[in-house]
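Written below as structure tokens is the structure these notes are about.
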2 protein chains.
Amino acid sequence: MPDRDRRAALDAAIELTYFGYRGFVAMPDRLLGERGLGRAHHRILFFVARLDRPTVGEIQRTLAVTKQALAGPLRDLKRQGLVAWTSDERDARVRRLSLTRPGRALEARLSALQRRHYAAIFAAGTPGDEAGWRAVMRRLAAGELAASGRDPP
Amino acid sequence: MPDRDRRAALDAAIELTYFGYRGFVAMPDRLLGERGLGRAHHRILFFVARLDRPTVGEIQRTLAVTKQALAGPLRDLKRQGLVAWTSDERDARVRRLSLTRPGRALEARLSALQRRHYAAIFAAGTPGDEAGWRAVMRRLAAGELAASGRDPP
DNA sequence: CAGAATAGGTCAATCTCCCTGACCTATTCT
DNA sequence: AGAATAGGTCAGGGAGATTGACCTATTCTG
């Protein structure tokens with residue numbers, strides 16, 4: 001393949017990343033907008049749901065934001081009764097976050113939109129497509145995962 | 001595979017999308033920051049470079065933003081001498097955008113970072129990985145591409 | 001040819017989301 | 001006792017996007 005074709009193929013990959021991300025967030029954004037919440041709230045809900053009673057600091061490191069950037073959306077979620085926090089048994093300074101029943105319900109609805117989206121996309125291709133996609137995405141995410149201290153999914 | 005494993009695999013796909021996107025924008029963001037530019041400017045540079053003398057309206061539809069949201073960054077780019085505009089020959093209302101020499105140089109540097117990133121990632125896997133990744137991303141991007149009036153890459 | 005439609009620019013107010021910096025409490029470690 | 005850690009909060013600011021209104025040029029149409 002001539003260089004210019006390979007270059008065009010790599011440009012297409014950049015473009016796919018951009019439009020793909022937009023496609024990924026479009027549906028949850030609509031649902032969130034109805035409740036006066038944003039993407040920041042969704043990210044918190046998602047990782048609180050996945051991380052098994054994470055501390056505030058764990059969420060902060062995972063999202064790579066400052067505690068001030070976290071405090072606002074987190075306060076919204078507490079006020080709406082979607083997130084609960086309890087003091088850690090061993091270290092009373094540490095707050096462990098969890099989802100309330102309505103919090104779980106909303107998180108489930110939001111993430112279900114994205115899971116179904118991916119389920120449909122993977123089902124429309126071959127198993128190799130999904131495996132290849134995951135292999136590429138793992139490499140793309142590698143640096144950020146390491147910086148966040150997450151286990152590679 | 002039990003349902004809960006498939007669900008966890010789909011959750012992992014969501015997580016990969018989030019961290020993957022962060023990995024994708026990390027390097028250009030650093031370079032842009034040094035010049036007082038942001039991601040919005042990069043998106044404009046990228047699509048002006050790829051779209052062959054696009055009009056302002058074409059860029060606006062491609063990025064799915066309002067003309068006011070476009071005007072600010074576009075003015076910055078004009079003032080820094082990175083983007084030039086000329087009136088269309090046939091319709092004098094229409095402005096066609098193009099990159100100046102320094103604009104092409106900056107765009108090339110920024111996009112080269114992302115092209116090399118993808119080139120390294122694709123080279124580290126099998127050709128099937130790349131093909132699978134593209135197949136999945138095309139489906140993920142499909143709705144947004146259609147809404148933007150772009151040809152699927 | 002008059003009037004509507006289109007392409008684009010601009011001003012203003014507002015919003016989300018994130019940032020830095022400073023300061024505070026409570027708790028635990030040394 | 002004093003330092004370090006986890007977390008919360010206030011102040012100020014900036015980037016990027018929104019809606020709404022209004023403006024100029026230019027082209028299309030009845």
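In the structure tokens, chains take letters A, B, ... by order of appearance, with residues numbered from 1 within each chain and ligands from 1 in the order shown.
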
Exercise for review: With a distance threshold of 9 Å and counting only C-alpha atoms (C1' of nucleotides), extract the residues of chain D near chain A and express them as number ranges by chain.
Suggested key: D: 5-9

Export, as a compact mmCIF listing (two decimals), in the first residue's frame, the selected residues with N, CA, C and O atoms (P, O5', C5', C4', C3', O3' and C1' of nucleotides).
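And here is the file that came out, result-v8.txt:
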```
# COMPACT_ATOMS: atom_id res chain seq x y z
P DT D 5 1.05 12.05 53.43
O5' DT D 5 -0.50 11.72 53.63
C5' DT D 5 -0.85 10.62 54.43
C4' DT D 5 -2.35 10.58 54.61
C3' DT D 5 -3.14 10.80 53.31
O3' DT D 5 -4.02 9.71 53.15
C1' DT D 5 -3.99 12.14 55.05
P DA D 6 -4.87 9.52 51.82
O5' DA D 6 -6.29 10.07 52.27
C5' DA D 6 -7.05 9.34 53.22
C4' DA D 6 -8.45 9.93 53.31
C3' DA D 6 -9.06 10.29 51.97
O3' DA D 6 -10.39 9.77 51.91
C1' DA D 6 -9.05 12.19 53.42
P DG D 7 -11.25 10.01 50.60
O5' DG D 7 -11.96 11.39 50.89
C5' DG D 7 -12.79 11.47 52.04
C4' DG D 7 -13.14 12.90 52.34
C3' DG D 7 -13.85 13.65 51.21
O3' DG D 7 -15.23 13.70 51.54
C1' DG D 7 -12.32 15.02 52.45
P DG D 8 -16.24 14.45 50.58
O5' DG D 8 -16.21 15.96 51.12
C5' DG D 8 -16.59 16.20 52.47
C4' DG D 8 -16.62 17.68 52.74
C3' DG D 8 -17.35 18.51 51.69
O3' DG D 8 -18.30 19.33 52.35
C1' DG D 8 -15.18 19.41 52.06
P DT D 9 -19.37 20.15 51.55
O5' DT D 9 -18.66 21.57 51.41
C5' DT D 9 -18.20 22.23 52.58
C4' DT D 9 -17.52 23.52 52.20
C3' DT D 9 -18.20 24.28 51.06
O3' DT D 9 -18.54 25.57 51.51
C1' DT D 9 -15.85 24.16 50.75
```

Check your understanding: Near DG21 (chain C), within 12 Å and counting only C-alpha atoms (C1' of nucleotides), which residues show up once chain neighbours fewer than 5 positions away are dropped, as a PyMOL selection string?
Key -> (chain A and resi 68) or (chain D and resi 10-13)

Practice item. Write down as a list in words the residues of region 4-144 of chain A whose backbone DSSP state falls under strand (DSSP E). Key: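 Reading the DSSP output for region 4-144 of chain A, strand (DSSP E) covers Val83, Ala84, Trp85, Thr86, Ser87, Arg95, Arg96, Leu97, Ser98 and Leu99 of chain A.
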
I need the chain A residues near chain B as an mmCIF file with all heavy atoms, in the first residue's frame; criterion: at most 8 Å, counting only C-alpha atoms.
```cif
data_model
loop_
_atom_site.group_PDB
_atom_site.id
_atom_site.type_symbol
_atom_site.label_atom_id
_atom_site.label_comp_id
_atom_site.auth_asym_id
_atom_site.auth_seq_id
_atom_site.Cartn_x
_atom_site.Cartn_y
_atom_site.Cartn_z
ATOM 1 N N ARG A 7 -1.682 6.662 5.028
ATOM 2 C CA ARG A 7 -1.947 7.899 5.753
ATOM 3 C C ARG A 7 -3.435 8.217 5.766
ATOM 4 O O ARG A 7 -4.000 8.594 6.785
ATOM 5 C CB ARG A 7 -1.184 9.055 5.101
ATOM 6 C CG ARG A 7 -1.429 10.362 5.777
ATOM 7 C CD ARG A 7 -0.757 11.490 5.018
ATOM 8 N NE ARG A 7 -1.325 12.745 5.443
ATOM 9 C CZ ARG A 7 -0.593 13.804 5.824
ATOM 10 N NH1 ARG A 7 0.713 13.723 5.830
ATOM 11 N NH2 ARG A 7 -1.181 14.901 6.206
ATOM 12 N N LEU A 10 -5.132 6.054 8.239
ATOM 13 C CA LEU A 10 -4.916 6.489 9.623
ATOM 14 C C LEU A 10 -5.740 7.737 9.920
ATOM 15 O O LEU A 10 -6.264 7.891 11.024
ATOM 16 C CB LEU A 10 -3.423 6.729 9.886
ATOM 17 C CG LEU A 10 -2.566 5.463 9.859
ATOM 18 C CD1 LEU A 10 -1.080 5.812 9.886
ATOM 19 C CD2 LEU A 10 -2.902 4.525 11.011
ATOM 20 N N ASP A 11 -5.866 8.625 8.932
ATOM 21 C CA ASP A 11 -6.761 9.771 9.106
ATOM 22 C C ASP A 11 -8.198 9.293 9.319
ATOM 23 O O ASP A 11 -8.931 9.854 10.139
ATOM 24 C CB ASP A 11 -6.722 10.685 7.876
ATOM 25 C CG ASP A 11 -5.569 11.683 7.933
ATOM 26 O OD1 ASP A 11 -4.996 11.864 9.034
ATOM 27 O OD2 ASP A 11 -5.243 12.273 6.898
ATOM 28 N N ALA A 12 -8.578 8.264 8.575
ATOM 29 C CA ALA A 12 -9.937 7.731 8.747
ATOM 30 C C ALA A 12 -10.116 7.168 10.157
ATOM 31 O O ALA A 12 -11.194 7.276 10.743
ATOM 32 C CB ALA A 12 -10.205 6.647 7.698
ATOM 33 N N ALA A 13 -9.049 6.597 10.709
ATOM 34 C CA ALA A 13 -9.125 6.070 12.074
ATOM 35 C C ALA A 13 -9.352 7.201 13.071
ATOM 36 O O ALA A 13 -10.127 7.073 14.020
ATOM 37 C CB ALA A 13 -7.844 5.307 12.433
ATOM 38 N N ILE A 14 -8.685 8.332 12.830
ATOM 39 C CA ILE A 14 -8.879 9.499 13.701
ATOM 40 C C ILE A 14 -10.325 9.966 13.625
ATOM 41 O O ILE A 14 -10.971 10.229 14.645
ATOM 42 C CB ILE A 14 -7.914 10.637 13.283
ATOM 43 C CG1 ILE A 14 -6.457 10.223 13.531
ATOM 44 C CG2 ILE A 14 -8.253 11.924 14.020
ATOM 45 C CD1 ILE A 14 -5.437 11.200 12.962
ATOM 46 N N GLU A 15 -10.821 10.033 12.397
ATOM 47 C CA GLU A 15 -12.193 10.477 12.197
ATOM 48 C C GLU A 15 -13.184 9.518 12.845
ATOM 49 O O GLU A 15 -14.164 9.946 13.468
ATOM 50 C CB GLU A 15 -12.457 10.563 10.686
ATOM 51 C CG GLU A 15 -13.485 11.556 10.288
ATOM 52 C CD GLU A 15 -13.616 11.648 8.777
ATOM 53 O OE1 GLU A 15 -12.572 11.615 8.067
ATOM 54 O OE2 GLU A 15 -14.749 11.742 8.307
ATOM 55 N N LEU A 16 -12.934 8.228 12.712
ATOM 56 C CA LEU A 16 -13.821 7.238 13.331
ATOM 57 C C LEU A 16 -13.834 7.387 14.847
ATOM 58 O O LEU A 16 -14.867 7.194 15.493
ATOM 59 C CB LEU A 16 -13.366 5.818 12.958
ATOM 60 C CG LEU A 16 -13.768 5.333 11.576
ATOM 61 C CD1 LEU A 16 -13.082 4.006 11.256
ATOM 62 C CD2 LEU A 16 -15.286 5.169 11.483
ATOM 63 N N THR A 17 -12.690 7.719 15.413
ATOM 64 C CA THR A 17 -12.640 7.891 16.863
ATOM 65 C C THR A 17 -13.523 9.049 17.292
ATOM 66 O O THR A 17 -14.280 8.962 18.257
ATOM 67 C CB THR A 17 -11.196 8.156 17.317
ATOM 68 O OG1 THR A 17 -10.347 7.141 16.774
ATOM 69 C CG2 THR A 17 -11.089 8.153 18.830
ATOM 70 N N PHE A 19 -16.130 10.546 15.574
ATOM 71 C CA PHE A 19 -17.553 10.301 15.382
ATOM 72 C C PHE A 19 -18.039 9.136 16.238
ATOM 73 O O PHE A 19 -19.182 9.125 16.687
ATOM 74 C CB PHE A 19 -17.862 10.052 13.907
ATOM 75 C CG PHE A 19 -17.780 11.288 13.063
ATOM 76 C CD1 PHE A 19 -16.748 11.475 12.155
ATOM 77 C CD2 PHE A 19 -18.738 12.280 13.197
ATOM 78 C CE1 PHE A 19 -16.670 12.627 11.385
ATOM 79 C CE2 PHE A 19 -18.671 13.436 12.431
ATOM 80 C CZ PHE A 19 -17.629 13.611 11.531
ATOM 81 N N GLY A 20 -17.176 8.152 16.454
ATOM 82 C CA GLY A 20 -17.565 7.023 17.301
ATOM 83 C C GLY A 20 -17.853 7.464 18.718
ATOM 84 O O GLY A 20 -18.844 7.045 19.322
ATOM 85 N N TYR A 21 -17.020 8.344 19.247
ATOM 86 C CA TYR A 21 -17.258 8.820 20.613
ATOM 87 C C TYR A 21 -18.571 9.581 20.685
ATOM 88 O O TYR A 21 -19.322 9.434 21.649
ATOM 89 C CB TYR A 21 -16.099 9.689 21.092
ATOM 90 C CG TYR A 21 -16.159 9.971 22.575
ATOM 91 C CD1 TYR A 21 -15.821 8.987 23.500
ATOM 92 C CD2 TYR A 21 -16.567 11.207 23.060
ATOM 93 C CE1 TYR A 21 -15.894 9.223 24.856
ATOM 94 C CE2 TYR A 21 -16.640 11.458 24.428
ATOM 95 C CZ TYR A 21 -16.297 10.464 25.313
ATOM 96 O OH TYR A 21 -16.376 10.708 26.666
ATOM 97 N N ARG A 22 -18.839 10.378 19.665
ATOM 98 C CA ARG A 22 -20.110 11.104 19.645
ATOM 99 C C ARG A 22 -21.295 10.145 19.616
ATOM 100 O O ARG A 22 -22.296 10.355 20.304
ATOM 101 C CB ARG A 22 -20.152 12.041 18.439
ATOM 102 C CG ARG A 22 -19.783 13.461 18.827
ATOM 103 C CD ARG A 22 -19.591 14.377 17.655
ATOM 104 N NE ARG A 22 -20.675 14.365 16.680
ATOM 105 C CZ ARG A 22 -20.648 15.086 15.556
ATOM 106 N NH1 ARG A 22 -19.592 15.856 15.297
ATOM 107 N NH2 ARG A 22 -21.628 15.043 14.702
ATOM 108 N N GLY A 23 -21.169 9.075 18.824
ATOM 109 C CA GLY A 23 -22.229 8.083 18.779
ATOM 110 C C GLY A 23 -22.401 7.381 20.117
ATOM 111 O O GLY A 23 -23.514 7.023 20.514
ATOM 112 N N PHE A 24 -21.297 7.220 20.821
ATOM 113 C CA PHE A 24 -21.304 6.511 22.100
ATOM 114 C C PHE A 24 -22.054 7.279 23.190
ATOM 115 O O PHE A 24 -22.758 6.696 24.004
ATOM 116 C CB PHE A 24 -19.849 6.274 22.524
ATOM 117 C CG PHE A 24 -19.677 5.722 23.908
ATOM 118 C CD1 PHE A 24 -20.013 4.399 24.198
ATOM 119 C CD2 PHE A 24 -19.158 6.512 24.928
ATOM 120 C CE1 PHE A 24 -19.837 3.892 25.479
ATOM 121 C CE2 PHE A 24 -18.978 6.009 26.209
ATOM 122 C CZ PHE A 24 -19.328 4.691 26.474
ATOM 123 N N SER A 111 -26.500 2.965 31.545
ATOM 124 C CA SER A 111 -25.499 2.035 31.030
ATOM 125 C C SER A 111 -26.137 0.999 30.121
ATOM 126 O O SER A 111 -25.496 0.513 29.188
ATOM 127 C CB SER A 111 -24.749 1.371 32.181
ATOM 128 O OG SER A 111 -24.044 2.355 32.911
ATOM 129 N N GLN A 114 -25.975 2.028 26.615
ATOM 130 C CA GLN A 114 -24.669 1.834 25.977
ATOM 131 C C GLN A 114 -24.351 0.355 25.798
ATOM 132 O O GLN A 114 -23.763 -0.045 24.799
ATOM 133 C CB GLN A 114 -23.584 2.543 26.786
ATOM 134 C CG GLN A 114 -23.798 4.054 26.771
ATOM 135 C CD GLN A 114 -22.753 4.836 27.527
ATOM 136 O OE1 GLN A 114 -22.305 4.431 28.588
ATOM 137 N NE2 GLN A 114 -22.357 5.979 26.979
ATOM 138 N N ARG A 115 -24.728 -0.459 26.797
ATOM 139 C CA ARG A 115 -24.480 -1.898 26.646
ATOM 140 C C ARG A 115 -25.255 -2.456 25.457
ATOM 141 O O ARG A 115 -24.713 -3.227 24.668
ATOM 142 C CB ARG A 115 -24.895 -2.643 27.921
ATOM 143 C CG ARG A 115 -23.824 -2.655 28.993
ATOM 144 C CD ARG A 115 -24.150 -3.678 30.081
ATOM 145 N NE ARG A 115 -25.376 -3.363 30.771
ATOM 146 C CZ ARG A 115 -25.435 -2.665 31.906
ATOM 147 N NH1 ARG A 115 -24.330 -2.236 32.479
ATOM 148 N NH2 ARG A 115 -26.588 -2.410 32.473
ATOM 149 N N TYR A 118 -23.601 -1.432 22.223
ATOM 150 C CA TYR A 118 -22.443 -2.274 21.907
ATOM 151 C C TYR A 118 -22.869 -3.704 21.596
ATOM 152 O O TYR A 118 -22.301 -4.350 20.695
ATOM 153 C CB TYR A 118 -21.425 -2.268 23.045
ATOM 154 C CG TYR A 118 -20.402 -1.160 22.899
ATOM 155 C CD1 TYR A 118 -20.190 -0.229 23.906
ATOM 156 C CD2 TYR A 118 -19.637 -1.051 21.750
ATOM 157 C CE1 TYR A 118 -19.256 0.794 23.764
ATOM 158 C CE2 TYR A 118 -18.699 -0.040 21.598
ATOM 159 C CZ TYR A 118 -18.516 0.881 22.608
ATOM 160 O OH TYR A 118 -17.596 1.886 22.456
ATOM 161 N N ALA A 119 -23.852 -4.210 22.324
ATOM 162 C CA ALA A 119 -24.304 -5.583 22.066
ATOM 163 C C ALA A 119 -24.788 -5.714 20.622
ATOM 164 O O ALA A 119 -24.463 -6.683 19.928
ATOM 165 C CB ALA A 119 -25.416 -5.961 23.042
ATOM 166 N N ILE A 121 -23.949 -3.768 18.100
ATOM 167 C CA ILE A 121 -22.828 -3.566 17.184
ATOM 168 C C ILE A 121 -21.986 -4.842 17.082
ATOM 169 O O ILE A 121 -21.594 -5.268 15.995
ATOM 170 C CB ILE A 121 -21.975 -2.378 17.652
ATOM 171 C CG1 ILE A 121 -22.712 -1.066 17.350
ATOM 172 C CG2 ILE A 121 -20.602 -2.403 16.990
ATOM 173 C CD1 ILE A 121 -22.089 0.155 17.997
ATOM 174 N N PHE A 122 -21.699 -5.451 18.246
ATOM 175 C CA PHE A 122 -20.884 -6.671 18.237
ATOM 176 C C PHE A 122 -21.643 -7.808 17.556
ATOM 177 O O PHE A 122 -21.049 -8.625 16.831
ATOM 178 C CB PHE A 122 -20.508 -7.077 19.665
ATOM 179 C CG PHE A 122 -19.556 -6.112 20.347
ATOM 180 C CD1 PHE A 122 -19.626 -5.893 21.722
ATOM 181 C CD2 PHE A 122 -18.578 -5.439 19.626
ATOM 182 C CE1 PHE A 122 -18.749 -5.016 22.357
ATOM 183 C CE2 PHE A 122 -17.702 -4.559 20.245
ATOM 184 C CZ PHE A 122 -17.783 -4.352 21.617
ATOM 185 N N GLY A 125 -21.397 -7.938 13.770
ATOM 186 C CA GLY A 125 -20.118 -8.306 13.165
ATOM 187 C C GLY A 125 -19.711 -9.709 13.567
ATOM 188 O O GLY A 125 -20.481 -10.444 14.188
ATOM 189 N N GLY A 128 -14.499 -12.037 15.704
ATOM 190 C CA GLY A 128 -13.172 -11.459 15.486
ATOM 191 C C GLY A 128 -13.194 -9.943 15.480
ATOM 192 O O GLY A 128 -12.239 -9.301 15.927
ATOM 193 N N ASP A 129 -14.264 -9.358 14.988
ATOM 194 C CA ASP A 129 -14.387 -7.899 15.011
ATOM 195 C C ASP A 129 -14.348 -7.396 16.453
ATOM 196 O O ASP A 129 -13.638 -6.432 16.772
ATOM 197 C CB ASP A 129 -15.705 -7.450 14.364
ATOM 198 C CG ASP A 129 -15.691 -7.587 12.847
ATOM 199 O OD1 ASP A 129 -14.594 -7.810 12.292
ATOM 200 O OD2 ASP A 129 -16.762 -7.474 12.236
ATOM 201 N N GLU A 130 -15.137 -8.053 17.294
ATOM 202 C CA GLU A 130 -15.176 -7.612 18.692
ATOM 203 C C GLU A 130 -13.806 -7.794 19.348
ATOM 204 O O GLU A 130 -13.328 -6.895 20.046
ATOM 205 C CB GLU A 130 -16.238 -8.404 19.472
ATOM 206 C CG GLU A 130 -16.263 -8.007 20.943
ATOM 207 C CD GLU A 130 -17.359 -8.700 21.750
ATOM 208 O OE1 GLU A 130 -18.271 -9.299 21.141
ATOM 209 O OE2 GLU A 130 -17.302 -8.623 22.993
ATOM 210 N N ALA A 131 -13.189 -8.930 19.112
ATOM 211 C CA ALA A 131 -11.876 -9.185 19.730
ATOM 212 C C ALA A 131 -10.846 -8.171 19.244
ATOM 213 O O ALA A 131 -10.037 -7.658 20.021
ATOM 214 C CB ALA A 131 -11.422 -10.613 19.414
ATOM 215 N N GLY A 132 -10.887 -7.887 17.946
ATOM 216 C CA GLY A 132 -9.946 -6.919 17.400
ATOM 217 C C GLY A 132 -10.184 -5.534 17.957
ATOM 218 O O GLY A 132 -9.240 -4.825 18.315
ATOM 219 N N TRP A 133 -11.444 -5.162 18.050
ATOM 220 C CA TRP A 133 -11.785 -3.849 18.609
ATOM 221 C C TRP A 133 -11.255 -3.729 20.034
ATOM 222 O O TRP A 133 -10.636 -2.736 20.402
ATOM 223 C CB TRP A 133 -13.309 -3.655 18.586
ATOM 224 C CG TRP A 133 -13.741 -2.325 19.106
ATOM 225 C CD1 TRP A 133 -13.794 -1.154 18.424
ATOM 226 C CD2 TRP A 133 -14.177 -2.026 20.440
ATOM 227 N NE1 TRP A 133 -14.231 -0.141 19.249
ATOM 228 C CE2 TRP A 133 -14.474 -0.654 20.488
ATOM 229 C CE3 TRP A 133 -14.337 -2.797 21.609
ATOM 230 C CZ2 TRP A 133 -14.921 -0.025 21.658
ATOM 231 C CZ3 TRP A 133 -14.790 -2.184 22.758
ATOM 232 C CH2 TRP A 133 -15.082 -0.804 22.777
ATOM 233 N N ARG A 134 -11.466 -4.794 20.829
ATOM 234 C CA ARG A 134 -11.003 -4.739 22.221
ATOM 235 C C ARG A 134 -9.477 -4.659 22.297
ATOM 236 O O ARG A 134 -8.926 -3.939 23.133
ATOM 237 C CB ARG A 134 -11.486 -5.973 23.006
ATOM 238 C CG ARG A 134 -12.962 -5.948 23.327
ATOM 239 C CD ARG A 134 -13.370 -7.156 24.179
ATOM 240 N NE ARG A 134 -14.810 -7.283 24.240
ATOM 241 C CZ ARG A 134 -15.594 -6.665 25.136
ATOM 242 N NH1 ARG A 134 -15.040 -5.898 26.053
ATOM 243 N NH2 ARG A 134 -16.893 -6.819 25.112
ATOM 244 N N ALA A 135 -8.822 -5.382 21.430
ATOM 245 C CA ALA A 135 -7.358 -5.373 21.457
ATOM 246 C C ALA A 135 -6.829 -3.979 21.164
ATOM 247 O O ALA A 135 -5.914 -3.484 21.831
ATOM 248 C CB ALA A 135 -6.810 -6.382 20.437
ATOM 249 N N VAL A 136 -7.421 -3.317 20.156
ATOM 250 C CA VAL A 136 -6.974 -1.970 19.794
ATOM 251 C C VAL A 136 -7.311 -0.982 20.908
ATOM 252 O O VAL A 136 -6.482 -0.170 21.312
ATOM 253 C CB VAL A 136 -7.601 -1.531 18.450
ATOM 254 C CG1 VAL A 136 -7.373 -0.046 18.197
ATOM 255 C CG2 VAL A 136 -7.010 -2.359 17.306
ATOM 256 N N MET A 137 -8.529 -1.075 21.423
ATOM 257 C CA MET A 137 -8.951 -0.125 22.459
ATOM 258 C C MET A 137 -8.118 -0.291 23.723
ATOM 259 O O MET A 137 -7.819 0.688 24.414
ATOM 260 C CB MET A 137 -10.435 -0.304 22.782
ATOM 261 C CG MET A 137 -11.381 0.110 21.674
ATOM 262 S SD MET A 137 -11.151 1.811 21.068
ATOM 263 C CE MET A 137 -11.864 2.748 22.419
ATOM 264 N N ARG A 138 -7.747 -1.520 24.048
ATOM 265 C CA ARG A 138 -6.912 -1.725 25.236
ATOM 266 C C ARG A 138 -5.587 -0.996 25.087
ATOM 267 O O ARG A 138 -5.098 -0.386 26.024
ATOM 268 C CB ARG A 138 -6.680 -3.215 25.477
ATOM 269 C CG ARG A 138 -7.626 -3.822 26.507
ATOM 270 C CD ARG A 138 -7.149 -5.191 26.960
ATOM 271 N NE ARG A 138 -7.201 -6.160 25.875
ATOM 272 C CZ ARG A 138 -8.277 -6.897 25.586
ATOM 273 N NH1 ARG A 138 -9.376 -6.779 26.307
ATOM 274 N NH2 ARG A 138 -8.245 -7.752 24.593
ATOM 275 N N ARG A 139 -5.027 -1.039 23.894
ATOM 276 C CA ARG A 139 -3.753 -0.354 23.684
ATOM 277 C C ARG A 139 -3.941 1.157 23.709
ATOM 278 O O ARG A 139 -3.097 1.887 24.231
ATOM 279 C CB ARG A 139 -3.154 -0.774 22.343
ATOM 280 C CG ARG A 139 -2.649 -2.186 22.344
ATOM 281 C CD ARG A 139 -1.609 -2.403 21.236
ATOM 282 N NE ARG A 139 -0.816 -3.579 21.544
ATOM 283 C CZ ARG A 139 -1.168 -4.816 21.180
ATOM 284 N NH1 ARG A 139 -2.289 -5.010 20.517
ATOM 285 N NH2 ARG A 139 -0.401 -5.843 21.484
ATOM 286 N N LEU A 140 -5.054 1.607 23.128
ATOM 287 C CA LEU A 140 -5.314 3.040 23.120
ATOM 288 C C LEU A 140 -5.512 3.567 24.537
ATOM 289 O O LEU A 140 -5.098 4.681 24.883
ATOM 290 C CB LEU A 140 -6.570 3.315 22.276
ATOM 291 C CG LEU A 140 -6.889 4.755 21.887
ATOM 292 C CD1 LEU A 140 -5.745 5.375 21.106
ATOM 293 C CD2 LEU A 140 -8.180 4.812 21.088
ATOM 294 N N ALA A 141 -6.134 2.747 25.366
ATOM 295 C CA ALA A 141 -6.462 3.166 26.731
ATOM 296 C C ALA A 141 -5.320 2.918 27.706
ATOM 297 O O ALA A 141 -5.367 3.397 28.843
ATOM 298 C CB ALA A 141 -7.711 2.421 27.208
ATOM 299 N N ALA A 142 -4.304 2.186 27.268
ATOM 300 C CA ALA A 142 -3.292 1.663 28.204
ATOM 301 C C ALA A 142 -2.707 2.739 29.114
ATOM 302 O O ALA A 142 -2.657 2.579 30.330
ATOM 303 C CB ALA A 142 -2.191 0.948 27.427
ATOM 304 N N GLY A 143 -2.285 3.821 28.517
ATOM 305 C CA GLY A 143 -1.647 4.859 29.322
ATOM 306 C C GLY A 143 -2.595 5.454 30.346
ATOM 307 O O GLY A 143 -2.215 5.680 31.500
ATOM 308 N N GLU A 144 -3.822 5.696 29.931
ATOM 309 C CA GLU A 144 -4.796 6.297 30.844
ATOM 310 C C GLU A 144 -5.203 5.330 31.949
ATOM 311 O O GLU A 144 -5.425 5.743 33.088
ATOM 312 C CB GLU A 144 -6.043 6.730 30.070
ATOM 313 C CG GLU A 144 -5.779 7.786 29.020
ATOM 314 C CD GLU A 144 -5.211 9.062 29.615
ATOM 315 O OE1 GLU A 144 -5.733 9.506 30.648
ATOM 316 O OE2 GLU A 144 -4.228 9.590 29.069
ATOM 317 N N LEU A 145 -5.306 4.061 31.606
ATOM 318 C CA LEU A 145 -5.638 3.066 32.625
ATOM 319 C C LEU A 145 -4.548 3.000 33.679
ATOM 320 O O LEU A 145 -4.820 2.961 34.881
ATOM 321 C CB LEU A 145 -5.825 1.686 31.978
ATOM 322 C CG LEU A 145 -7.150 1.472 31.264
ATOM 323 C CD1 LEU A 145 -7.095 0.241 30.383
ATOM 324 C CD2 LEU A 145 -8.271 1.339 32.280
ATOM 325 N N PRO A 153 -9.234 -3.748 31.597
ATOM 326 C CA PRO A 153 -10.433 -4.574 31.396
ATOM 327 C C PRO A 153 -10.270 -5.538 30.234
ATOM 328 O O PRO A 153 -9.485 -5.296 29.339
ATOM 329 C CB PRO A 153 -11.541 -3.560 31.110
ATOM 330 C CG PRO A 153 -10.847 -2.359 30.594
ATOM 331 C CD PRO A 153 -9.447 -2.372 31.147
#
```

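Distances to Leu74 (chain A) were evaluated for A:Arg61, A:Val48, A:Arg90, A:His41 using only C-alpha atoms, and the minimum falls at A:His41.
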
Exercise for review: Within 12 Å of chain B, which residues of chain C are there when counting only C-alpha atoms (C1' of nucleotides)? Please give them as a list in words.
Suggested key: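 Every residue of chain C that passes the 12 Å test is in DT6, DA7, DG8, DG9, DT10, DC11 and DA12 of chain C.
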
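Taking only C-alpha atoms (C1' of nucleotides), the non-local environment of DA4 (chain C) within 12 Å (same-chain residues fewer than 4 positions away omitted) comprises DT27, DC28, DT29 and DG30 of chain D.
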
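You will find CA of Leu113 (chain B) at 23.4 Å from CA of Arg53 (chain B).
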
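The gap separating CA of Leu70 (chain B) from CA of Leu37 (chain A) is 24.8 Å, in Å to one decimal.
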
Point to revise | Backbone DSSP call of helix (DSSP H, G or I) for region 55-145 of chain B, listed as a ChimeraX atom specification | key: /B:56-63,67-79,101-124,127-145

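Going from CA of Pro102 (chain A) to CA of Leu82 (chain A) covers 5.8 Å.
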